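Next comes final_5.cif, with mmCIF, C-alpha atoms.
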```cif
data_query
#
loop_
_atom_site.label_atom_id
_atom_site.label_comp_id
_atom_site.auth_asym_id
_atom_site.auth_seq_id
_atom_site.Cartn_x
_atom_site.Cartn_y
_atom_site.Cartn_z
CA ASP A 71 0.00 0.00 0.00
CA THR A 72 1.61 3.25 -1.10
CA GLY A 73 -0.90 5.64 0.46
CA VAL A 74 -0.64 7.69 3.64
CA SER A 75 -0.71 5.59 6.78
CA GLN A 76 -1.41 6.57 10.37
CA ASP A 77 -0.89 4.77 13.62
CA PRO A 78 -2.73 4.06 15.81
CA ARG A 79 -6.18 4.15 14.25
CA HIS A 80 -7.86 4.55 17.61
CA LYS A 81 -6.58 5.79 20.93
CA ILE A 82 -8.45 5.99 24.22
CA THR A 83 -6.67 7.77 27.02
CA LYS A 84 -7.39 9.34 30.36
CA ARG A 85 -7.31 13.08 30.88
CA GLY A 86 -3.83 14.27 31.73
CA GLN A 87 -1.99 11.53 29.86
CA ASN A 88 0.34 12.15 26.92
CA VAL A 89 -0.33 10.60 23.52
CA THR A 90 1.72 10.37 20.34
CA PHE A 91 0.50 9.67 16.83
CA ARG A 92 2.53 8.72 13.80
CA CYS A 93 2.02 9.49 10.13
CA ASP A 94 3.87 7.96 7.19
CA PRO A 95 3.32 10.01 4.03
CA ILE A 96 3.45 8.94 0.41
CA SER A 97 7.17 8.47 -0.18
CA GLU A 98 7.72 11.02 -2.94
CA HIS A 99 5.72 13.75 -1.18
CA ASN A 100 7.75 16.48 0.48
CA ARG A 101 4.89 18.19 2.34
CA LEU A 102 3.09 16.72 5.31
CA TYR A 103 0.07 18.25 7.04
CA TRP A 104 -1.74 17.62 10.31
CA TYR A 105 -5.43 18.42 10.79
CA ARG A 106 -7.99 17.94 13.51
CA GLN A 107 -11.60 17.17 12.72
CA THR A 108 -14.60 17.08 15.05
CA LEU A 109 -18.08 15.86 14.22
CA GLY A 110 -19.90 18.03 11.73
CA GLN A 111 -16.89 20.19 10.97
CA GLY A 112 -14.35 20.25 8.21
CA PRO A 113 -10.73 19.44 8.97
CA GLU A 114 -8.97 22.25 10.85
CA PHE A 115 -5.38 22.90 9.88
CA LEU A 116 -2.84 22.39 12.67
CA THR A 117 0.59 22.48 11.07
CA TYR A 118 2.61 21.48 8.04
CA PHE A 119 6.14 20.50 7.12
CA GLN A 120 8.13 20.81 3.97
CA ASN A 121 10.74 18.12 4.25
CA GLU A 122 11.90 18.38 7.87
CA ALA A 123 11.09 22.06 8.32
CA GLN A 124 7.89 23.00 10.14
CA LEU A 125 6.70 25.98 8.11
CA GLU A 126 3.36 26.94 9.59
CA LYS A 127 1.51 26.38 12.84
CA SER A 128 -2.10 27.24 13.54
CA ARG A 129 -3.05 29.13 16.67
CA LEU A 130 -5.09 26.00 17.43
CA LEU A 131 -1.79 24.28 18.15
CA SER A 132 -1.40 25.13 21.82
CA ASP A 133 1.76 24.61 23.82
CA ARG A 134 0.55 21.11 24.67
CA PHE A 135 0.83 20.07 21.03
CA SER A 136 4.10 19.41 19.27
CA ALA A 137 4.87 17.92 15.90
CA GLU A 138 8.11 16.69 14.41
CA ARG A 139 9.33 15.34 11.14
CA PRO A 140 12.97 14.62 11.98
CA LYS A 141 14.21 13.13 8.73
CA GLY A 142 11.68 14.57 6.35
CA SER A 143 9.83 11.28 6.12
CA PHE A 144 7.41 10.19 8.85
CA SER A 145 5.98 12.65 11.34
CA THR A 146 4.76 12.46 14.92
CA LEU A 147 2.17 14.57 16.68
CA GLU A 148 2.30 14.59 20.46
CA ILE A 149 -0.36 15.93 22.78
CA GLN A 150 0.71 16.45 26.37
CA ARG A 151 -1.66 16.55 29.35
CA THR A 152 -4.65 15.63 27.23
CA GLU A 153 -8.00 17.29 27.88
CA GLN A 154 -11.47 16.11 26.98
CA GLY A 155 -11.63 18.85 24.35
CA ASP A 156 -8.79 17.15 22.51
CA SER A 157 -11.12 14.30 21.55
CA ALA A 158 -11.27 14.37 17.77
CA MET A 159 -10.07 12.70 14.61
CA TYR A 160 -6.47 13.63 13.82
CA LEU A 161 -5.79 13.49 10.12
CA CYS A 162 -2.50 13.51 8.30
CA ALA A 163 -2.10 14.38 4.63
CA SER A 164 0.80 14.62 2.24
CA SER A 165 1.41 16.35 -1.05
CA PHE A 166 4.13 17.25 -3.48
CA LEU A 167 4.65 20.95 -2.81
CA GLY A 168 1.25 22.64 -2.77
CA TYR A 169 -0.55 20.28 -5.07
CA GLU A 170 -3.39 17.96 -4.16
CA GLN A 171 -3.25 16.50 -0.66
CA PHE A 172 -3.85 12.84 0.03
CA PHE A 173 -5.14 11.87 3.43
CA GLY A 174 -4.44 9.01 5.74
CA PRO A 175 -7.24 7.14 7.53
CA GLY A 176 -6.86 9.24 10.68
CA THR A 177 -6.36 8.54 14.36
CA ARG A 178 -9.49 8.81 16.43
CA LEU A 179 -8.65 10.09 19.92
CA THR A 180 -11.02 9.74 22.85
CA VAL A 181 -10.05 11.42 26.11
CA LEU A 182 -11.99 10.15 29.10
CA ARG B 151 -17.01 36.07 8.20
CA LYS B 152 -15.55 32.59 7.82
CA GLU B 153 -12.69 32.22 5.37
CA VAL B 154 -14.48 29.43 3.53
CA GLU B 155 -18.24 28.97 3.75
CA GLN B 156 -20.49 26.18 2.60
CA ASP B 157 -24.15 25.43 3.09
CA PRO B 158 -24.08 22.41 5.43
CA GLY B 159 -27.26 20.95 3.90
CA PRO B 160 -28.37 18.24 3.92
CA PHE B 161 -29.32 18.23 0.28
CA ASN B 162 -31.77 15.38 -0.24
CA VAL B 163 -32.13 14.61 -3.93
CA PRO B 164 -33.66 11.72 -5.87
CA GLU B 165 -31.52 9.41 -7.96
CA GLY B 166 -30.88 10.85 -11.38
CA ALA B 167 -31.24 14.46 -10.28
CA THR B 168 -28.71 17.21 -10.85
CA VAL B 169 -27.44 18.99 -7.77
CA ALA B 170 -25.09 21.93 -7.33
CA PHE B 171 -23.10 23.17 -4.35
CA ASN B 172 -21.39 26.50 -3.91
CA CYS B 173 -18.50 27.47 -1.71
CA THR B 174 -17.53 31.07 -1.04
CA TYR B 175 -14.11 32.26 0.10
CA SER B 176 -13.08 35.55 1.61
CA ASN B 177 -9.41 35.88 0.63
CA SER B 178 -9.09 37.32 -2.84
CA ALA B 179 -5.45 36.12 -2.94
CA SER B 180 -6.52 32.48 -2.80
CA GLN B 181 -4.70 30.46 -5.41
CA SER B 182 -5.79 26.85 -5.48
CA PHE B 183 -9.16 25.26 -5.06
CA PHE B 184 -10.27 21.68 -4.59
CA TRP B 185 -13.33 19.59 -3.89
CA TYR B 186 -12.97 16.62 -1.57
CA ARG B 187 -15.50 13.95 -0.74
CA GLN B 188 -15.78 12.51 2.75
CA ASP B 189 -17.82 9.47 3.67
CA CYS B 190 -19.04 9.04 7.23
CA ARG B 191 -16.15 8.36 9.62
CA LYS B 192 -13.65 8.13 6.76
CA GLU B 193 -10.86 10.39 5.59
CA PRO B 194 -11.43 13.04 2.90
CA LYS B 195 -10.64 11.90 -0.62
CA LEU B 196 -9.78 14.23 -3.46
CA LEU B 197 -12.65 14.55 -5.91
CA MET B 198 -11.24 17.16 -8.24
CA SER B 199 -9.12 20.24 -8.50
CA VAL B 200 -10.84 23.41 -9.69
CA TYR B 201 -9.18 25.26 -12.53
CA SER B 202 -9.82 28.80 -13.67
CA SER B 203 -11.30 27.58 -16.93
CA GLY B 204 -13.56 25.10 -15.18
CA ASN B 205 -13.17 21.37 -15.47
CA GLU B 206 -15.28 18.29 -15.89
CA ASP B 207 -14.77 14.70 -14.83
CA GLY B 208 -17.59 12.43 -15.91
CA ARG B 209 -20.73 13.50 -14.10
CA PHE B 210 -18.89 16.12 -12.05
CA THR B 211 -18.21 19.70 -13.13
CA ALA B 212 -16.28 22.26 -11.11
CA GLN B 213 -16.24 25.98 -11.77
CA LEU B 214 -14.34 28.91 -10.30
CA ASN B 215 -15.64 32.47 -10.23
CA ARG B 216 -12.83 34.72 -9.01
CA ALA B 217 -14.82 37.92 -9.38
CA SER B 218 -17.50 36.72 -6.96
CA GLN B 219 -15.07 34.55 -4.99
CA TYR B 220 -16.84 31.24 -5.13
CA ILE B 221 -16.39 27.78 -6.52
CA SER B 222 -19.12 25.37 -7.47
CA LEU B 223 -19.59 21.66 -7.91
CA LEU B 224 -22.27 20.24 -10.16
CA ILE B 225 -23.23 16.57 -10.02
CA ARG B 226 -25.35 15.23 -12.84
CA ASP B 227 -27.37 12.02 -12.82
CA SER B 228 -26.89 11.53 -9.06
CA LYS B 229 -26.21 8.00 -7.86
CA LEU B 230 -26.90 6.53 -4.43
CA SER B 231 -23.13 6.18 -4.08
CA ASP B 232 -22.72 9.95 -4.36
CA SER B 233 -24.17 10.30 -0.86
CA ALA B 234 -21.39 11.87 1.18
CA THR B 235 -20.15 15.19 2.53
CA TYR B 236 -18.45 17.42 -0.03
CA LEU B 237 -15.67 19.63 1.31
CA CYS B 238 -14.41 22.75 -0.37
CA VAL B 239 -10.70 23.52 0.08
CA VAL B 240 -9.00 26.84 -0.57
CA THR B 241 -5.29 27.52 -0.37
CA HIS B 242 -3.20 30.62 -0.59
CA SER B 243 0.40 31.50 0.01
CA GLY B 244 1.11 34.50 2.18
CA GLY B 245 4.70 33.53 2.68
CA TYR B 246 3.79 30.00 3.62
CA GLN B 247 0.91 27.96 2.33
CA LYS B 248 -2.39 28.31 4.19
CA VAL B 249 -5.00 25.62 3.65
CA THR B 250 -8.61 26.12 4.72
CA PHE B 251 -11.41 23.59 4.54
CA GLY B 252 -15.08 24.43 4.52
CA THR B 253 -17.35 22.65 6.95
CA GLY B 254 -18.77 20.56 4.12
CA THR B 255 -22.11 20.09 2.41
CA LYS B 256 -23.93 16.87 3.09
CA LEU B 257 -25.59 15.16 0.13
CA GLN B 258 -28.10 12.36 0.50
CA VAL B 259 -29.28 10.72 -2.72
CA ILE B 260 -32.52 8.88 -2.17
CA PRO B 261 -33.97 6.04 -4.27
#
```
Go through the file and emit its structure as structure tokens.
Amino acid sequence: DTGVSQDPRHKITKRGQNVTFRCDPISEHNRLYWYRQTLGQGPEFLTYFQNEAQLEKSRLLSDRFSAERPKGSFSTLEIQRTEQGDSAMYLCASSFLGYEQFFGPGTRLTVL
Amino acid sequence: RKEVEQDPGPFNVPEGATVAFNCTYSNSASQSFFWYRQDCRKEPKLLMSVYSSGNEDGRFTAQLNRASQYISLLIRDSKLSDSATYLCVVTHSGGYQKVTFGTGTKLQVIP
């Protein structure tokens, strides 16, 4: 499968715990994006990377959120001290430069 | 005003009908436009890019109106399998790329 993959697909955690998600983009894509989506809303942009450089961060990305893409390939999104409001689907997408984005299946986070 | 606005619907249409969605955007410097389709509890999938001259892919036609700052999606001969949420995406580069999704328009095609 040469599409975007995300791991895990589902994560249930208790409030206050830290969680980390992984995204593996399509191999020839140099841009990688993270989004958050809640029910009935479109995906909300969080951040994006071009190669290993994080170029843009949304104001939605509070200090508890951090993303990395250390070698310009896979990326991780970490949420520290999770809150119930963090419950959402976290989507990763990749593209070649600013062309069409292709999405992974998402990680559904539930914070109890 | 939201950067990208869509009528959330739902649009309930019979099989075989033609249906059209609009999406308005507020930033006149927006450069690229896309329509994505999202099925319930699945990831968005690219439906089509929207070019300045308009483009067609089978039963789907996308148009861009820069003067009025909206894009449209027309679906002809609706199929039951077209039932989904259709997301409008607008990008622009103010230094770095900014990508904004609309909240989506829900389409339900009924037999």
Neighbours of chain A in chain B at 6 Å, counting all atoms listed in the file, as a list in words
Glu193, Phe251, Gly252 and Thr253 of chain B
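Candidate residues B:Ser202, B:Gln247, B:Ser228, B:Gln188 were compared for distance to Glu165 in chain B, and the nearest is B:Ser228, using only C-alpha atoms.
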In Å, rounded to a single decimal, give me how far CA of Ser182 in chain B is from CA of Arg226 in chain B.
23.9 Å
Result set of the PyMOL selection byres ((chain A and resi 135) around 8) on the coordinates above, as a compact mmCIF listing (two decimals) with C-alpha atoms, keeping the file's coordinate frame:
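File written: out-v7.txt
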```txt
# COMPACT_ATOMS: atom_id res chain seq x y z
CA LEU A 131 -1.79 24.28 18.15
CA SER A 132 -1.40 25.13 21.82
CA ASP A 133 1.76 24.61 23.82
CA ARG A 134 0.55 21.11 24.67
CA SER A 136 4.10 19.41 19.27
CA ALA A 137 4.87 17.92 15.90
CA LEU A 147 2.17 14.57 16.68
CA GLU A 148 2.30 14.59 20.46
CA ILE A 149 -0.36 15.93 22.78
CA GLN A 150 0.71 16.45 26.37
```
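Summary of the local environment: counting all atoms listed in the file, residues at most 12 Å from Ser218 in chain B, other than itself and those fewer than 3 positions away along its chain, are Asn172, Cys173, Thr174, Tyr175, Ser176, Asn177, Ser178, Gln213, Leu214, Asn215, Ile221 and Ser222 of chain B.
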By how many Å are CA of Gly155 in chain A and CA of Leu179 in chain A apart?
10.3 Å
